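Source file upload.txt; content: compact mmCIF, C-alpha atoms.
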# COMPACT_ATOMS: atom_id res chain seq x y z
CA MET A 1 -34.10 12.72 -44.43
CA ALA A 2 -32.09 11.04 -47.19
CA THR A 3 -30.35 14.33 -48.05
CA ARG A 4 -29.35 14.94 -44.42
CA GLY A 5 -28.11 11.37 -44.12
CA ALA A 6 -26.00 11.75 -47.25
CA ALA A 7 -24.52 14.97 -45.96
CA ALA A 8 -23.66 13.31 -42.68
CA ALA A 9 -22.02 10.45 -44.52
CA HIS A 10 -19.67 12.88 -46.23
CA SER A 11 -18.89 14.96 -43.12
CA PRO A 12 -15.22 14.98 -42.13
CA PRO A 13 -14.37 12.75 -39.14
CA LEU A 14 -14.16 14.41 -35.74
CA PHE A 15 -10.61 13.09 -35.29
CA SER A 16 -8.06 12.17 -37.90
CA GLY A 17 -5.74 9.20 -37.55
CA PHE A 18 -2.98 11.64 -36.59
CA ASP A 19 -5.17 13.20 -33.88
CA VAL A 20 -5.95 9.80 -32.38
CA ALA A 21 -2.28 8.83 -32.42
CA LEU A 22 -1.37 12.11 -30.75
CA LEU A 23 -4.00 11.63 -28.04
CA LEU A 24 -2.83 8.09 -27.40
CA GLY A 25 0.73 9.35 -27.17
CA VAL A 26 -0.24 11.98 -24.62
CA LEU A 27 -2.16 9.39 -22.59
CA ALA A 28 0.79 7.02 -22.68
CA SER A 29 3.09 9.82 -21.53
CA ILE A 30 0.80 10.61 -18.59
CA LEU A 31 0.61 6.97 -17.59
CA ALA A 32 4.38 6.61 -17.84
CA ARG A 33 4.88 9.54 -15.50
CA ALA A 34 2.36 8.20 -12.96
CA ALA A 35 3.99 6.04 -10.31
CA SER A 36 2.83 2.42 -10.31
CA VAL A 37 3.21 2.27 -6.52
CA GLY A 38 2.25 4.43 -3.58
CA VAL A 39 4.67 5.61 -0.91
CA CYS A 40 4.70 5.69 2.89
CA TYR A 41 5.29 9.16 4.31
CA GLY A 42 6.55 8.81 7.86
CA THR A 43 7.47 11.75 10.06
CA SER A 44 9.85 10.25 12.65
CA GLY A 45 12.59 12.72 11.92
CA ASP A 46 13.67 16.13 13.20
CA ASN A 47 15.20 17.22 9.89
CA LEU A 48 12.44 16.50 7.38
CA PRO A 49 11.21 19.10 4.88
CA ALA A 50 7.92 20.93 5.35
CA ALA A 51 4.79 19.06 4.34
CA SER A 52 4.06 21.52 1.55
CA THR A 53 7.48 20.79 0.07
CA VAL A 54 6.95 17.04 0.44
CA VAL A 55 3.66 17.18 -1.45
CA GLY A 56 5.47 18.97 -4.25
CA MET A 57 7.98 16.10 -4.32
CA LEU A 58 5.16 13.56 -4.53
CA ARG A 59 3.69 15.33 -7.53
CA GLU A 60 7.05 15.76 -9.25
CA ASN A 61 7.70 12.03 -8.93
CA GLY A 62 4.28 10.97 -10.18
CA PHE A 63 2.91 9.56 -6.93
CA THR A 64 -0.88 9.45 -6.99
CA VAL A 65 -1.41 7.89 -3.56
CA VAL A 66 0.38 8.30 -0.22
CA ARG A 67 0.13 6.60 3.15
CA LEU A 68 0.15 8.70 6.33
CA TYR A 69 0.46 6.97 9.70
CA TRP A 70 -1.57 9.59 11.51
CA PRO A 71 -3.80 12.49 10.42
CA ASP A 72 -0.99 15.06 10.34
CA PRO A 73 -2.80 18.41 9.89
CA ALA A 74 0.07 20.00 7.95
CA ALA A 75 0.29 17.08 5.53
CA LEU A 76 -3.48 16.94 5.03
CA ALA A 77 -3.63 20.69 4.43
CA ALA A 78 -0.87 20.40 1.83
CA LEU A 79 -2.60 17.45 0.12
CA ALA A 80 -5.95 19.25 -0.17
CA GLY A 81 -7.01 19.79 -3.76
CA THR A 82 -4.06 17.92 -5.25
CA GLY A 83 -5.98 14.80 -6.28
CA ILE A 84 -3.40 12.64 -4.53
CA ARG A 85 -5.30 9.89 -2.73
CA VAL A 86 -4.58 9.53 0.97
CA VAL A 87 -4.38 6.43 3.14
CA VAL A 88 -4.61 7.78 6.68
CA GLY A 89 -3.91 5.90 9.89
CA VAL A 90 -5.65 5.80 13.24
CA PRO A 91 -2.78 5.41 15.76
CA ASN A 92 -2.78 2.28 17.92
CA ASP A 93 -3.10 4.25 21.15
CA ALA A 94 -6.46 5.64 20.00
CA LEU A 95 -8.07 2.21 19.61
CA PRO A 96 -9.31 1.60 23.18
CA GLU A 97 -11.35 4.80 23.24
CA LEU A 98 -12.66 4.38 19.69
CA ALA A 99 -13.66 0.79 20.45
CA THR A 100 -15.76 1.72 23.47
CA SER A 101 -17.24 5.06 22.43
CA GLU A 102 -19.29 5.77 19.32
CA SER A 103 -19.11 9.48 20.14
CA ALA A 104 -15.30 9.31 20.27
CA ALA A 105 -15.28 7.68 16.82
CA ALA A 106 -17.63 10.35 15.50
CA SER A 107 -15.38 13.05 16.95
CA TRP A 108 -12.29 11.47 15.39
CA VAL A 109 -13.94 11.35 11.97
CA ARG A 110 -15.20 14.93 12.31
CA GLN A 111 -11.78 16.31 13.32
CA ASN A 112 -9.59 14.28 10.97
CA ILE A 113 -11.70 13.42 7.91
CA GLN A 114 -14.63 15.82 7.64
CA ALA A 115 -12.36 18.75 8.51
CA HIS A 116 -10.51 18.13 5.22
CA PRO A 117 -13.21 18.09 2.52
CA GLU A 118 -10.73 18.70 -0.31
CA VAL A 119 -8.56 15.71 0.58
CA THR A 120 -9.25 12.53 -1.40
CA PHE A 121 -9.23 9.84 1.26
CA ARG A 122 -8.82 6.23 0.10
CA TYR A 123 -8.56 4.17 3.28
CA VAL A 124 -8.82 4.84 6.98
CA VAL A 125 -6.40 2.35 8.54
CA VAL A 126 -7.47 1.55 12.09
CA GLY A 127 -4.28 0.44 13.78
CA ASN A 128 -0.94 -0.58 12.33
CA GLU A 129 0.48 -3.96 13.40
CA VAL A 130 -1.64 -3.80 16.55
CA PRO A 131 0.13 -5.54 19.47
CA ALA A 132 -1.41 -8.78 20.71
CA GLY A 133 -2.60 -7.25 23.96
CA ASP A 134 -4.69 -4.64 22.13
CA THR A 135 -6.25 -6.70 19.34
CA ARG A 136 -9.47 -7.03 21.33
CA HIS A 137 -10.08 -3.35 20.59
CA LEU A 138 -9.42 -3.65 16.86
CA VAL A 139 -12.70 -4.73 15.27
CA PRO A 140 -14.92 -2.73 17.67
CA ALA A 141 -12.87 0.37 16.76
CA MET A 142 -13.18 -0.45 13.04
CA GLU A 143 -16.95 -0.85 13.41
CA ASN A 144 -17.35 2.47 15.21
CA VAL A 145 -15.18 4.38 12.73
CA HIS A 146 -17.09 2.79 9.84
CA ALA A 147 -20.40 3.81 11.42
CA ALA A 148 -19.12 7.36 11.94
CA LEU A 149 -18.06 7.61 8.29
CA ALA A 150 -21.47 6.31 7.22
CA ALA A 151 -23.27 8.83 9.41
CA ALA A 152 -21.16 11.60 7.87
CA GLY A 153 -22.02 10.44 4.35
CA LEU A 154 -18.39 9.68 3.58
CA LEU A 155 -18.88 6.07 2.53
CA ARG A 156 -20.45 7.44 -0.65
CA ARG A 157 -16.98 8.75 -1.47
CA ARG A 158 -15.77 5.15 -1.33
CA VAL A 159 -13.64 5.64 1.76
CA LYS A 160 -12.91 2.18 3.16
CA VAL A 161 -12.10 1.22 6.75
CA THR A 162 -9.40 -1.40 7.25
CA THR A 163 -6.32 -2.26 9.32
CA ALA A 164 -2.69 -3.10 8.56
CA ILE A 165 -1.19 -6.38 9.76
CA SER A 166 2.45 -7.42 9.99
CA GLN A 167 4.32 -10.13 8.14
CA GLY A 168 4.59 -11.86 11.50
CA THR A 169 0.90 -12.79 11.44
CA ILE A 170 1.62 -15.28 8.63
CA ALA A 171 2.71 -18.69 9.93
CA VAL A 172 3.22 -20.40 6.56
CA HIS A 173 4.57 -18.58 3.49
CA LEU A 174 5.71 -21.50 1.35
CA PRO A 175 4.14 -23.06 -0.51
CA PRO A 176 1.53 -20.32 -0.95
CA SER A 177 -1.27 -22.88 -1.20
CA ALA A 178 -0.56 -23.77 2.45
CA GLY A 179 -0.64 -20.15 3.64
CA GLU A 180 -2.13 -19.66 7.07
CA PHE A 181 -2.10 -17.30 10.02
CA THR A 182 -0.34 -17.92 13.31
CA PRO A 183 -2.49 -19.22 16.19
CA GLU A 184 -2.14 -15.83 17.88
CA ALA A 185 -3.33 -14.01 14.74
CA LEU A 186 -6.24 -16.42 14.31
CA SER A 187 -7.60 -15.19 17.64
CA PHE A 188 -8.61 -11.90 15.98
CA MET A 189 -8.16 -12.23 12.22
CA GLY A 190 -11.43 -14.11 11.77
CA TYR A 191 -13.30 -11.06 13.05
CA VAL A 192 -11.19 -8.73 10.90
CA VAL A 193 -11.77 -10.74 7.74
CA SER A 194 -15.50 -10.96 8.44
CA PHE A 195 -15.68 -7.16 8.76
CA LEU A 196 -13.70 -6.62 5.55
CA GLU A 197 -15.76 -9.15 3.61
CA ARG A 198 -19.01 -7.48 4.71
CA THR A 199 -17.85 -3.93 3.94
CA ARG A 200 -16.00 -4.85 0.71
CA ALA A 201 -12.77 -3.40 2.09
CA PRO A 202 -9.22 -4.69 1.46
CA LEU A 203 -6.80 -6.10 4.01
CA LEU A 204 -3.58 -4.10 4.32
CA ALA A 205 -0.40 -6.02 5.06
CA ASN A 206 3.17 -4.87 5.65
CA LEU A 207 5.19 -7.46 3.72
CA TYR A 208 8.99 -7.56 3.66
CA PRO A 209 10.89 -10.21 1.69
CA TYR A 210 13.96 -8.55 3.23
CA PHE A 211 13.09 -9.87 6.68
CA VAL A 212 12.04 -13.29 5.40
CA TYR A 213 15.45 -13.54 3.72
CA THR A 214 17.68 -12.13 6.46
CA LEU A 215 15.95 -14.06 9.26
CA GLY A 216 16.23 -17.27 7.28
CA LEU A 217 12.49 -17.88 7.37
CA GLY A 218 12.22 -18.92 3.73
CA HIS A 219 15.57 -20.71 3.34
CA MET A 220 16.03 -18.89 0.06
CA ASP A 221 18.64 -17.28 -2.12
CA ALA A 222 18.84 -13.48 -2.26
CA SER A 223 17.67 -13.50 -5.88
CA PHE A 224 14.29 -14.89 -4.78
CA ALA A 225 13.90 -11.92 -2.42
CA LEU A 226 15.14 -9.31 -4.92
CA PHE A 227 13.01 -10.29 -7.95
CA THR A 228 16.18 -11.37 -9.81
CA SER A 229 15.80 -15.14 -9.97
CA PRO A 230 15.95 -16.21 -13.65
CA GLU A 231 13.72 -19.23 -13.10
CA THR A 232 11.03 -20.74 -10.92
CA VAL A 233 12.20 -21.31 -7.35
CA VAL A 234 8.99 -22.63 -5.77
CA GLN A 235 6.61 -24.82 -7.75
CA ASP A 236 3.20 -24.91 -6.09
CA GLY A 237 1.00 -27.19 -8.14
CA GLU A 238 0.38 -25.41 -11.43
CA TYR A 239 1.83 -22.14 -10.13
CA GLY A 240 5.50 -21.26 -10.35
CA TYR A 241 7.09 -18.59 -8.17
CA GLN A 242 10.22 -16.64 -9.06
CA ASN A 243 10.07 -14.17 -6.15
CA MET A 244 9.13 -14.04 -2.49
CA PHE A 245 6.84 -11.03 -2.93
CA ASP A 246 4.37 -12.97 -5.08
CA ALA A 247 4.62 -16.01 -2.84
CA THR A 248 3.82 -13.98 0.27
CA VAL A 249 0.89 -12.16 -1.32
CA ASP A 250 -0.63 -15.42 -2.54
CA ALA A 251 0.01 -17.12 0.82
CA LEU A 252 -1.90 -14.29 2.47
CA TYR A 253 -4.77 -14.69 0.01
CA THR A 254 -4.88 -18.38 0.95
CA ALA A 255 -4.91 -17.59 4.68
CA VAL A 256 -7.67 -14.99 4.26
CA GLY A 257 -9.68 -17.38 2.09
CA LYS A 258 -9.61 -20.00 4.84
CA LEU A 259 -11.39 -17.48 7.07
CA GLY A 260 -14.11 -16.81 4.51
CA GLY A 261 -12.60 -13.73 2.89
CA THR A 262 -13.31 -14.71 -0.68
CA ARG A 263 -13.79 -11.10 -1.79
CA VAL A 264 -11.11 -9.50 0.39
CA ARG A 265 -8.33 -7.96 -1.68
CA VAL A 266 -4.78 -7.83 -0.31
CA VAL A 267 -3.02 -4.45 -0.40
CA VAL A 268 0.70 -4.38 0.38
CA SER A 269 0.73 -1.35 2.64
CA GLU A 270 4.49 -1.43 3.27
CA THR A 271 7.38 -3.07 1.46
CA GLY A 272 10.94 -2.07 0.72
CA TRP A 273 14.61 -2.76 1.38
CA PRO A 274 17.04 -0.88 3.65
CA THR A 275 20.24 0.71 2.39
CA ALA A 276 22.29 0.28 5.58
CA GLY A 277 22.26 -0.91 9.16
CA GLY A 278 21.84 -4.67 8.83
CA ALA A 279 22.50 -7.88 6.95
CA ALA A 280 22.14 -7.56 3.15
CA ALA A 281 21.22 -3.88 3.58
CA SER A 282 22.88 -1.90 0.80
CA VAL A 283 22.13 0.81 -1.72
CA GLU A 284 22.48 -1.71 -4.54
CA ASN A 285 20.03 -4.18 -3.03
CA ALA A 286 17.52 -1.47 -2.12
CA MET A 287 17.63 -0.04 -5.62
CA THR A 288 17.27 -3.51 -7.16
CA TYR A 289 14.31 -4.49 -4.97
CA ASN A 290 12.35 -1.27 -5.27
CA GLN A 291 12.92 -0.78 -8.98
CA ASN A 292 11.90 -4.36 -9.68
CA LEU A 293 8.85 -3.92 -7.44
CA VAL A 294 7.74 -0.88 -9.45
CA ARG A 295 7.98 -2.84 -12.69
CA HIS A 296 6.46 -6.01 -11.28
CA VAL A 297 3.23 -4.95 -9.55
CA TRP A 298 1.38 -4.57 -12.86
CA LYS A 299 1.85 -8.27 -13.61
CA GLY A 300 -0.14 -9.55 -10.66
CA THR A 301 0.80 -12.83 -8.99
CA PRO A 302 0.80 -16.40 -10.33
CA ARG A 303 -2.66 -17.01 -8.83
CA ARG A 304 -3.95 -13.61 -9.99
CA PRO A 305 -2.11 -12.81 -13.23
CA GLY A 306 -2.73 -9.43 -14.80
CA ARG A 307 -4.40 -8.04 -11.67
CA LYS A 308 -2.18 -5.27 -10.39
CA VAL A 309 -1.00 -5.53 -6.80
CA GLU A 310 -1.60 -2.26 -4.95
CA ALA A 311 1.65 -1.64 -3.07
CA TYR A 312 3.30 1.14 -1.05
CA VAL A 313 7.06 1.57 -0.84
CA PHE A 314 8.45 2.09 2.62
CA ALA A 315 9.52 4.80 2.92
CA LEU A 316 9.73 8.28 1.46
CA PHE A 317 12.57 9.46 3.73
CA ASN A 318 15.29 8.13 5.98
CA GLU A 319 13.95 8.97 9.46
CA ASN A 320 16.60 9.72 12.10
CA LEU A 321 14.34 9.44 15.16
CA LYS A 322 13.65 5.78 14.57
CA GLU A 323 15.61 3.00 16.25
CA ALA A 324 19.24 2.92 15.08
CA GLY A 325 20.07 0.34 12.42
CA VAL A 326 17.93 -0.67 9.47
CA GLU A 327 14.93 1.26 10.80
CA GLN A 328 16.59 4.56 9.92
CA ASN A 329 17.56 3.52 6.40
CA TRP A 330 14.51 2.66 4.29
CA GLY A 331 14.16 6.01 2.54
CA LEU A 332 13.95 6.68 -1.16
CA PHE A 333 15.13 10.22 -0.35
CA TYR A 334 17.41 11.85 2.17
CA PRO A 335 15.85 14.60 4.30
CA ASN A 336 17.55 17.14 2.02
CA MET A 337 15.33 15.70 -0.76
CA GLU A 338 18.18 14.14 -2.73
CA ARG A 339 17.54 10.62 -3.98
CA VAL A 340 19.32 7.88 -2.09
CA TYR A 341 19.72 6.04 -5.41
CA PRO A 342 18.43 6.38 -8.98
CA ILE A 343 14.93 4.96 -9.45
CA THR A 344 11.94 5.58 -11.71
CA PHE A 345 8.48 5.11 -10.27
CA GLY A 346 6.51 4.66 -13.49
CA ALA A 347 6.11 1.12 -14.81
Full structure transcribed into structure tokens:
Amino acid sequence: MATRGAAAAHSPPLFSGFDVALLLGVLASILARAASVGVCYGTSGDNLPAASTVVGMLRENGFTVVRLYWPDPAALAALAGTGIRVVVGVPNDALPELATSESAAASWVRQNIQAHPEVTFRYVVVGNEVPAGDTRHLVPAMENVHAALAAAGLLRRRVKVTTAISQGTIAVHLPPSAGEFTPEALSFMGYVVSFLERTRAPLLANLYPYFVYTLGLGHMDASFALFTSPETVVQDGEYGYQNMFDATVDALYTAVGKLGGTRVRVVVSETGWPTAGGAAASVENAMTYNQNLVRHVWKGTPRRPGRKVEAYVFALFNENLKEAGVEQNWGLFYPNMERVYPITFGA
């Protein structure tokens, strides 16, 4: 025993200091190439590249997660086996049937989730900015889709059911400690938050400092919206805010907390800045906002420092079938796949 122990003591190490340094360098290189944000892949255009080409673009640019607004078969087929995680939407017009029929929810899951076993699904987003008249269908649809995923054994793959709300559901942004939902949103958000708290799912929110700034809702300077303020703009007790993004995220956490969502994480499911078509819309501002967003999300917010904010840039392409104006000009890329402006997606 002593002889074997002595021999082991003199055995060469499995890895030399050089090997460890090399491995760390490779790991750092991989992390640098990986995008720190996800991206929204909309299809409201008649000149967009094929889904297989788009998936190649996602991989080339380091995106590891993508949001789809509907279960586009071509996109899902192209994403199969890539390891890119997928946030897939249930369109608003499907909610009434899914809310009232467990069999319809089971059919939806079978056709759009189970039919793609090699796709890595992250979230199923039941409804996107559901109009006030349809919110009564929202939580029943979420419950039925969740039950269908459970019956199919897909919850074991950590697929979460959630919904995406609009910035307009937030009545108070500043100060963040006073964050609260509008009276209209309160009519359904309590049920949403209760569902998310019980199922340990996040709340998705489409948050746009651009609109807060251009509509004059925050009475702020452009630098507060663009992440370029050199100093604290809003002091909220012990927390100082230099940008509207952090303030809005923390205001939403406050509003959710008031409804009992102490474990509900906020995911920014859309954010970005347009390059044309409206006030303050320019290539320079879009590049500034999105590049600063990419670098900033790792820092967390003043109330949650060091806890990365999961965020999705809107959008991958300029989409020419959307309403004229800013709606057509959020893309990181033109339909011909050229970048609208220089940007790196790694932190």
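Using all atoms listed in the file, every residue with an atom at most 6 Å from the point (12.6, 10.7, -1.9) is listed here: Leu316, Phe317, Leu332, Phe333, Met337 and Arg339 of chain A.
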Next on the checklist: If I take atom CA of Lys299 of chain A and atom CA of Asp246 of chain A, how far is one from the other in Å, to one decimal?
Outcome noted: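 Answer for the atom CA of Lys299 of chain A to atom CA of Asp246 of chain A separation: 10.1 Å.
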Item to check | Residue neighbourhood segment 156-168 of chain A, 10 Å, all atoms listed in the file, exclusion window fewer than 3 positions, as a ChimeraX atom specification | outcome: /A:86-90,120-131,138-139,142-143,145-147,149-150,152-153,171-173,181-182,185,189,192-193,195-196,199-209,211-212,248,252,267-270
Checklist outcome for this item: atom CA of His296 of chain A to atom CA of Tyr334 of chain A measures 24.9 Å
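Note that atom CA of Val66 of chain A and atom CA of Pro91 of chain A are 16.5 Å apart.
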Checklist entry - Near Gly190 of chain A, within 9 Å and counting all atoms listed in the file, which residues show up once chain neighbours fewer than 3 positions away are dropped, as a VMD selection string? => result chain A and resid 185 to 187 193 to 195 256 259 to 261
Next on the checklist: Just checking: using only C-alpha atoms, which residue out of A:Ala141, A:Ala132, A:Leu68, A:Pro183 ends up closest to Ala104 of chain A?
Outcome noted: A:Ala141
Checklist entry - A:Gly240, A:Glu310, A:Leu321, A:Arg136: which is nearest Thr64 of chain A, counting only C-alpha atoms? => result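 That would be A:Glu310, the residue with the smallest distance to Thr64 of chain A.
Across A:Gly346, A:Ala276, A:Thr135, A:Thr43, the tightest approach to Asn61 of chain A is made by A:Gly346 when counting all atoms listed in the file.
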Checklist entry - Which polymer residues, protein or nucleic acid, are no farther than 7 Å from (3.4, -0.3, 0.1), counting only C-alpha atoms, as a list of chain:residue names? => result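 With a cut-off of 7 Å, the residues come to A:Gly38, A:Val39, A:Cys40, A:Val268, A:Ser269, A:Glu270, A:Thr271, A:Ala311, A:Tyr312, A:Val313, A:Phe314.
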Would you save the residues of that selection, restricted to C-alpha atoms, as a PDB file, keeping the file's coordinate frame?
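What follows is the written file out.pdb:
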ATOM      1  CA  GLY A  38       2.250   4.430  -3.580  1.00  0.00           C
ATOM      2  CA  VAL A  39       4.670   5.610  -0.910  1.00  0.00           C
ATOM      3  CA  CYS A  40       4.700   5.690   2.890  1.00  0.00           C
ATOM      4  CA  VAL A 268       0.700  -4.380   0.380  1.00  0.00           C
ATOM      5  CA  SER A 269       0.730  -1.350   2.640  1.00  0.00           C
ATOM      6  CA  GLU A 270       4.490  -1.430   3.270  1.00  0.00           C
ATOM      7  CA  THR A 271       7.380  -3.070   1.460  1.00  0.00           C
ATOM      8  CA  ALA A 311       1.650  -1.640  -3.070  1.00  0.00           C
ATOM      9  CA  TYR A 312       3.300   1.140  -1.050  1.00  0.00           C
ATOM     10  CA  VAL A 313       7.060   1.570  -0.840  1.00  0.00           C
ATOM     11  CA  PHE A 314       8.450   2.090   2.620  1.00  0.00           C
TER      12      PHE A 314
END
Item to check | Residue nearest Thr254 of chain A - candidates A:Glu180, A:Glu323, A:Asp221, A:Asp93, atoms counted: all atoms listed in the file | outcome: A:Glu180
Next on the checklist: Can you pull out the residues contacting Val326 of chain A? Cut-off 8 Å, using all atoms listed in the file, and skip same-chain residues under 6 positions away; I want them as a list in words.
Outcome noted: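 My list of contacting residues is Pro274, Thr275, Ala276, Gly277, Gly278 and Ala281 of chain A.
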Item to check | Non-local contacts of Glu231 of chain A (9 Å; all atoms listed in the file; under 2 positions in same chain excluded) as a PyMOL selection string | outcome: chain A and resi 228-229+233+240-242
